[in-house]
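*Asks:* For reference, the structure I am asking about is given below.
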Amino acid sequence: MVKLKINDKEIAVPEGTTILEAAREMGVHIPTLCYHPKLRPLGHCRLCLVEVKGAAKPVAACETPALEGMEVFTDTPRVREMRKGILELLIATHPVNGCYTCDRSGNCELQNFVYAQGLTECTFSTDTYRYPVVKDNPFIVRDYEKCILCGRCVQVCREVQLNFALNMVNKGFKTKIAPVANGEEAASTESPCVFCGQCVQVCPVGALVEKSSRYKVREWELKKVRSVCSYCGVGCNLELYVKDGKVVKVRGYDNPAVNNGWLCVKGRFGFDYIHSPERLQQPLIRVGERGEGKFREATWDEALDLVAENLRRIRDEYGGDSLGILCSAKCTNEENYLLQKLTRGVLGTNNIDHCARL
Amino acid sequence: MTNSIQDIGQADCILVIGSNTTENHPIIGQKVKQAVRRGARLIVADPREIELSRWATLWLRQKPGSDLALINGLLNVIVKEGLYDREFIASRTEGFEELKEAVSRYTPDKVAEITGVPAEDIIKAARLYASGPRSAILYAMGITQHISGTANVMALANLAMACGMLGKEGAGVNPLRGQSNVQGACDMGGLPNVYPGYQPVTDAAVREKFARAWGIAPEKLSPSNGLTLMEMMQAAEEGRLRGMYILGENPVLSDPDAAHVEKALRKLDFLVVQDIFLTETARFADVVLPGAAFAEKEGTFTNTERRVQLLHKAIDPPGGARADWQIIAEIIRRLGFPANYNSPAEIMAEIAQVTPSYAGINYKRLEGQGLQWPCPAPDHPGTPVLHQEKFNRGLGKFHVVDYVLPDEEPDEEYPYIFTTGRLLYHYHTVISRKSKGLEEICPEPVAEINPQDAESLGIGDGERVELISRRGRVQVKAWVTNRVPRGVVFMTFHFWEAAANLLTNPALDPVAKIPEYKVCAVKVRKL
Ligand code: SF4
Ligand code: SF4
Ligand code: FES
């Protein structure tokens with residue numbers, strides 16, 4: 001354990017703890033922007049600057065380890081001044097009309113931060129290099145105007161997803177983050193990107209957003225419902241974002257025992273099949289030849305009666321073993337349980353199976 | 001899985017065999033890569049060059065269908081070099097002497113000949129795995145979809161037991177299940193030989209218990225094992241099976257030898273299909289019932305590590321569609337039985353009553369991180385690692401299993417090995433194909449062909465070819481790539497436009513009745 005003082009209060013933390021973590025443990029707020037609790041500290045944004053007694057310059061709290069005997073001050077006039085300067089620079093390079101149409105408005109870390117700091121004016125003006133919005137794939141839109149170059153997306157791809165699809169390219173005002181292939185800037189579809197969208201999930205602003213819901217939903221209109229992915233057997237936890245009775249986007253839910261909040265392309269972007277116009281909406285009864293695929297719509301009563309009648313008839317005439325039931329690896333436990341109860345208890349056969357083997 | 005997903009983070013050595021993890025179980029694939037980064041050693045055994053091959057300390061490129069020889073080869077080295085865990089074997093297992101004897105025939109040189117993996121790599125892999133100290137095995141359909149699938153799994157269990165790699169964190173034998181609730185469908189007795197919780201249908205006491213719980217006479221419950229899916233299809237074709245009720249499955253596309261399945265379904269007297277789309281299978285139905293998608297209902301899924309997790313209802317099913325549990329309950333009622341459930345939580349309460357491994361599970365407890373079965377009591381925390389103190393049968397038994405050739409080997413007429421699998425962007429046959437983005441990025445099937453084979457056949461990348469097996473033919477675009485070794489052609493089975501299962505061999509594993517999807521023989525013709 002190491003002992004240090006933050007704003008004159010003493011705290012003991014395990015070795016290797018950063019100043020930021022120590023402060024958060026004490027309930028002392030240090031603003032951060034590039035820092036993400038699941039990634040190694042980046043030290044890019046400098047918003048987390050704090051003063052350390054004896055140090056010539058303020059240090060970044062997110063990446064500086066707490067040391068024995070350290071005295072840290074998180075809210076000095078000097079720190080406040082620097083923070084304000086950094087923030088103003090960020091605002092100056094951010095599109096002024098951005099928030100009106102931004103998907104992240106209401107849930108943007110930059111917007112929240114500017115609001116919290118009560119910043120109403122900006123003394124800088126800059127000419128940053130403007131890159132066009134990139135929509136080179138079906139899933140993710142990259143809006144360079146909104147990018148604050150925090151580097152989280154680069155880091156999550158390197159550290160968590162391990163596909164190394166992104167990097168910072170160019171220098172100075174032309175710096176931007178881009179997909180890379182063999183060290184060169186490339187289209188995302190040419191890069192090692194697998195469209196897992198971890199980068200979208202960690203982006204603090206509206207620079208990386210889901211293409212399918214872009215400009216369609218605002219944060220405060222959404223209801224979030226926790227669920228489980230319907231694809232593979234990993235069982236990633238997710239949150240369904242619902243607006244007007246439709247699932248409009250999906251984000252990973254942080255269950256550290258399973259997916260820790262991360263998802264793959266299917267779980268994150270493949271949910272829209274549930275709103276396919278081809279979904280069945282009414283019971284159907286066959287009218288044409290078997291296999292021809294010709295049906296008429298029926299009421300539930302008619303369809304269910306027909307099913308019950310035929311199952312009963314076959315069971316009574318030929319015995320339960322002349323019926324076969326397939327349950328489903330995509331339906332719930334409760335549904336599979338009921339179906340085997342129907343098979344065994346009502347139809348009197350053990351002819352039940354599913355496609356597990358396939 | 002005997003162990004947990006989180007456990008992978010603690011493994012020192014990971015053997016991935018027959019699993020293209022980063023594409024089929026991406027979040028577990030991510031964990032494997034993270035483990036390598038942290039310093040774990042990775043052994044990948046796969047005929048295809050998958051993403052994990054590039055992360056591997058050692059990549060064994062065995063010939064498709066030769067896995068059993070390879071695993072026995074590893075055991076041979078472990079026995080010969082005395083790398084096994086004497087204490088574990090003595091206190092927790094039986095039959096090791098027989099195993100020792102049996103694997104003595106699988107010398108590295110002989111196994112190299114069968115599998116095409118260099119003898120020195122077999123030796124290296126055996127040493128890596130055995131030295132652990134924590135070694136985990138991950139496997140998937142690449143191991144099970146063979147006529148020797150059950151034997152392959154037993155061989156992996158032998159390997160793990162011999163090295164004491166069971167019952168501790170960071171180790172284990174871990175099947176990665178392919179579908180969201182395939183584990184749960186098995187747990188719930190969606191199998192012809194067991195009630196929920198794997199309680200045998202042939203056990204009179206079990207039947208007695210269920211009869212009592214369900215309020216019926218025990219004689220009403222059949223004492224004999226039912227038919228498996230493939231046997232049902234056979235029986236339907238022969239007219240012995242007259243009616244079927246298919247819930248959310250699409251056997252017309254996902255079964256081997258699809259033409260056969262169609263024929264069987266046509267012969268039925270009555271077929272009801274309950275699904276969210278009018279699938280290829282539903283087209284054969286007399287009645288189609290519109291069910292609900294995962295976001296439209298309450299319920300639970302059990303994932304590959306036996307974790308029971310809650311689904312909440314986010315939206316209503318479209319139009320007149322209904323939650324599947326309501327539909328099934330309604331049919332039960334119309335057949336004159338009570339089924340008055342107000343919610344899936346009530347059904348779970350009944351499940352807990354009759355299923356010892358789910359006895360401690362209820363919806364309230366599932367809100368946090370879920371629970372891993374066995375969870376025998378309401379205050380039991382669940383079981384992240386199986387077999388910690390003992391195996392289900394007491395001592396773990398080594399099973400002697402021998403390598404057999406695949407059912408169909410390439411020959412002069414059908415000179416290529418054909419093998420199938422899944423892609424990152426798709427999943428089985430239905431839902432991913434109705435997703436706009438997934439379909440846009442991966443709209444059409446391809447057959448992977450090795451450049452040398454392509455050259456000798458005069459096939460260019462992107463050209464169309466016809467693949468022909470003894471059972472059928474499909475036309476598809478060729479992707480000339482080193483992902484497959486010479487003599488092997490790979491295709492996915494997601495696409496009805498080129499249904500790989502028109503080609504595959506329905507020869508079954510005698511125990512698990514899994515068809516041999518992973519190997520058959522084809523010829524390739526340029527179109
Ligand atoms: S989508 Fe995933 S793989 Fe692609 S850049 Fe983002 S984090 Fe990397
Ligand atoms: S998000 Fe991907 S890895 Fe997770 S359960 Fe869904 S399909 Fe599997
Ligand atoms: S949060 Fe510390 S530098 Fe960005």
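Every chain in the structure tokens has a letter given in the order shown (A, B, ...), and although residue numbers restart at 1 in each chain, ligands are simply numbered from 1 in the order shown.
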Among segment 45-110 of chain B, which ones does DSSP place in strand (DSSP E), written as a ChimeraX atom specification?

*Replies:* /B:45,58-60,93-94

*Asks:* Among segment 120-183 of chain A, which residues does DSSP mark as alpha helix (DSSP H) when it is run on the backbone? Keep the chain and numbering as in the structure and answer as a VMD selection string.

*Replies:* chain A and resid 152 to 156

*Asks:* I'd like the neighbourhood of Lys53 of chain A as an NGL selection string, where a residue qualifies if any of its atoms comes within 9 Å (using only C-alpha atoms), though same-chain residues fewer than 5 positions away should be ignored.

*Replies:* :A and (70-73)

*Asks:* With only C-alpha atoms and all ligand atoms counted, collect every polymer residue having an atom within 7 Å of ligand 3; state the result as a PyMOL selection string.

*Replies:* chain A and resi 32-35+41-49+60-63

*Asks:* Take the residues from that selection and put them in a file with N, CA and C atoms, as an mmCIF file, in the first residue's frame.

*Replies:*
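Output below, filename again.cif:
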```
data_model
loop_
_atom_site.group_PDB
_atom_site.id
_atom_site.type_symbol
_atom_site.label_atom_id
_atom_site.label_comp_id
_atom_site.auth_asym_id
_atom_site.auth_seq_id
_atom_site.Cartn_x
_atom_site.Cartn_y
_atom_site.Cartn_z
ATOM 1 N N THR A 32 -12.170 13.817 -16.944
ATOM 2 C CA THR A 32 -11.371 13.046 -17.900
ATOM 3 C C THR A 32 -12.120 13.003 -19.218
ATOM 4 N N LEU A 33 -11.393 12.766 -20.272
ATOM 5 C CA LEU A 33 -12.057 12.616 -21.559
ATOM 6 C C LEU A 33 -11.527 11.391 -22.310
ATOM 7 N N CYS A 34 -10.224 11.267 -22.403
ATOM 8 C CA CYS A 34 -9.717 10.102 -23.149
ATOM 9 C C CYS A 34 -9.680 8.851 -22.274
ATOM 10 N N TYR A 35 -9.663 9.026 -20.971
ATOM 11 C CA TYR A 35 -9.617 7.883 -20.060
ATOM 12 C C TYR A 35 -10.888 7.045 -20.164
ATOM 13 N N PRO A 41 -4.585 3.737 -19.613
ATOM 14 C CA PRO A 41 -4.639 5.190 -19.791
ATOM 15 C C PRO A 41 -3.892 5.631 -21.037
ATOM 16 N N LEU A 42 -4.444 6.598 -21.721
ATOM 17 C CA LEU A 42 -3.847 7.063 -22.964
ATOM 18 C C LEU A 42 -3.028 8.332 -22.763
ATOM 19 N N GLY A 43 -3.492 9.186 -21.845
ATOM 20 C CA GLY A 43 -2.762 10.429 -21.605
ATOM 21 C C GLY A 43 -2.820 11.407 -22.761
ATOM 22 N N HIS A 44 -3.855 11.321 -23.582
ATOM 23 C CA HIS A 44 -3.919 12.191 -24.759
ATOM 24 C C HIS A 44 -4.552 13.551 -24.492
ATOM 25 N N CYS A 45 -5.651 13.573 -23.738
ATOM 26 C CA CYS A 45 -6.469 14.792 -23.730
ATOM 27 C C CYS A 45 -5.977 15.855 -22.738
ATOM 28 N N ARG A 46 -5.255 15.454 -21.738
ATOM 29 C CA ARG A 46 -4.708 16.339 -20.697
ATOM 30 C C ARG A 46 -5.777 17.018 -19.841
ATOM 31 N N LEU A 47 -6.989 16.601 -19.930
ATOM 32 C CA LEU A 47 -8.025 17.232 -19.118
ATOM 33 C C LEU A 47 -7.902 16.861 -17.652
ATOM 34 N N CYS A 48 -7.219 15.769 -17.386
ATOM 35 C CA CYS A 48 -7.158 15.269 -16.019
ATOM 36 C C CYS A 48 -5.954 15.837 -15.265
ATOM 37 N N LEU A 49 -5.391 16.917 -15.792
ATOM 38 C CA LEU A 49 -4.208 17.482 -15.149
ATOM 39 C C LEU A 49 -4.452 17.817 -13.681
ATOM 40 N N ALA A 60 -0.766 14.301 -15.728
ATOM 41 C CA ALA A 60 -2.046 13.674 -16.082
ATOM 42 C C ALA A 60 -2.389 12.628 -15.028
ATOM 43 N N ALA A 61 -3.482 12.838 -14.315
ATOM 44 C CA ALA A 61 -3.848 11.941 -13.209
ATOM 45 C C ALA A 61 -4.145 10.528 -13.685
ATOM 46 N N CYS A 62 -4.623 10.410 -14.924
ATOM 47 C CA CYS A 62 -5.051 9.090 -15.399
ATOM 48 C C CYS A 62 -3.879 8.148 -15.589
ATOM 49 N N GLU A 63 -2.705 8.693 -15.878
ATOM 50 C CA GLU A 63 -1.597 7.792 -16.178
ATOM 51 C C GLU A 63 -0.455 7.883 -15.164
#
```

*Asks:* Determine, for each residue of chain B having at least one atom at most 12 Å from an atom of ligand 1, the closest pair of atoms and their separation in Å to one decimal, counting only C-alpha atoms and all ligand atoms; order by chain and ascending number, as a tab-separated table.

*Replies:*
```
residue	atom	partner	partner_atom_place_in_ligand_line	distance
B:Thr22	CA	ligand 1	3 (S)	11.5
B:Pro26	CA	ligand 1	2 (Fe)	11.0
B:Ile27	CA	ligand 1	2 (Fe)	11.5
B:Gln30	CA	ligand 1	3 (S)	10.7
```

*Asks:* Could you list the protein, DNA and RNA residues that have any atom within 6 Å of ligand 2, counting only C-alpha atoms and all ligand atoms, and write them as a list in words?

*Replies:*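 Checking only C-alpha atoms and all ligand atoms against ligand 2 at 6 Å gives Cys229, Tyr231, Cys232, Gly233, Val234, Gly235, Cys236, Leu263, Cys264, Lys266 and Gly267 of chain A; His25, Pro26 and Ile27 of chain B.
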
*Asks:* Using only C-alpha atoms, which protein or nucleic acid residues come within 10 Å of Lys341 of chain A? Drop anything in the same chain fewer than 5 positions from it, and give the result as a list in words.

*Replies:*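 Listing them by chain and then by number gives Glu335, Asn336, Val346, Leu347, Gly348 and Asn350 of chain A; Met188, Gly189, Gly190, Tyr195, Pro196, Phe210, Trp214, Ile328, Ala329 and Ile332 of chain B.
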
*Asks:* Near Arg471 of chain B, within 10 Å and counting only C-alpha atoms, which residues show up once chain neighbours fewer than 5 positions away are dropped, as a list in words?

*Replies:*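 In the requested form, the answer reads Pro256, Asp257, Ala258, Ala259, His260, Asn501, Leu502, Leu503, Thr504, Asn505, Pro506 and Val522 of chain B.
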
*Asks:* Would you pick out the contacts of Ser188 of chain A at 8 Å or less, using only C-alpha atoms, so that residues sharing its chain but fewer than 6 positions from it are not included, and give the list as a count of residues only?

*Replies:* 5

*Asks:* Find the residues near segment 140-157 of chain A: any atom within 8 Å, counting only C-alpha atoms, skip ones fewer than 4 places away on the same chain, and give them as JSON, numbers by chain.

*Replies:* {"A": [33, 34, 35, 36, 39, 42, 44, 45, 90, 93, 94, 95, 98, 130, 131, 132, 133, 134, 135, 136, 161, 162, 163, 164, 165, 166, 167, 168, 176, 177, 195, 197, 198, 199, 200, 202, 203, 205, 206, 207, 208, 209, 210, 211]}

*Asks:* My list of candidates is B:Asn193, B:Thr492, B:Thr107, B:Ser91. Which is closest to chain A when distances are computed with only C-alpha atoms?

*Replies:*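 Among the listed residues, the smallest separation from chain A belongs to B:Asn193.
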
*Asks:* Could you check how far atom CA of Thr64 of chain A sits from atom CA of Glu10 of chain A, in Å to one decimal?

*Replies:*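 We find that atom CA of Thr64 of chain A and atom CA of Glu10 of chain A lie 17.5 Å from each other.
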
*Asks:* Between atom CA of Ile276 of chain B and atom CA of Glu278 of chain A, what is the distance, to one decimal in Å?

*Replies:*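 So the two atoms, atom CA of Ile276 of chain B and atom CA of Glu278 of chain A, lie 8.7 Å apart.
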
*Asks:* So the first atom is atom CA of Leu20 of chain A and the second is atom CA of Pro256 of chain A; what is the distance between them in Å, to one decimal place?

*Replies:*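 Here the two named atoms are 21.9 Å from each other.
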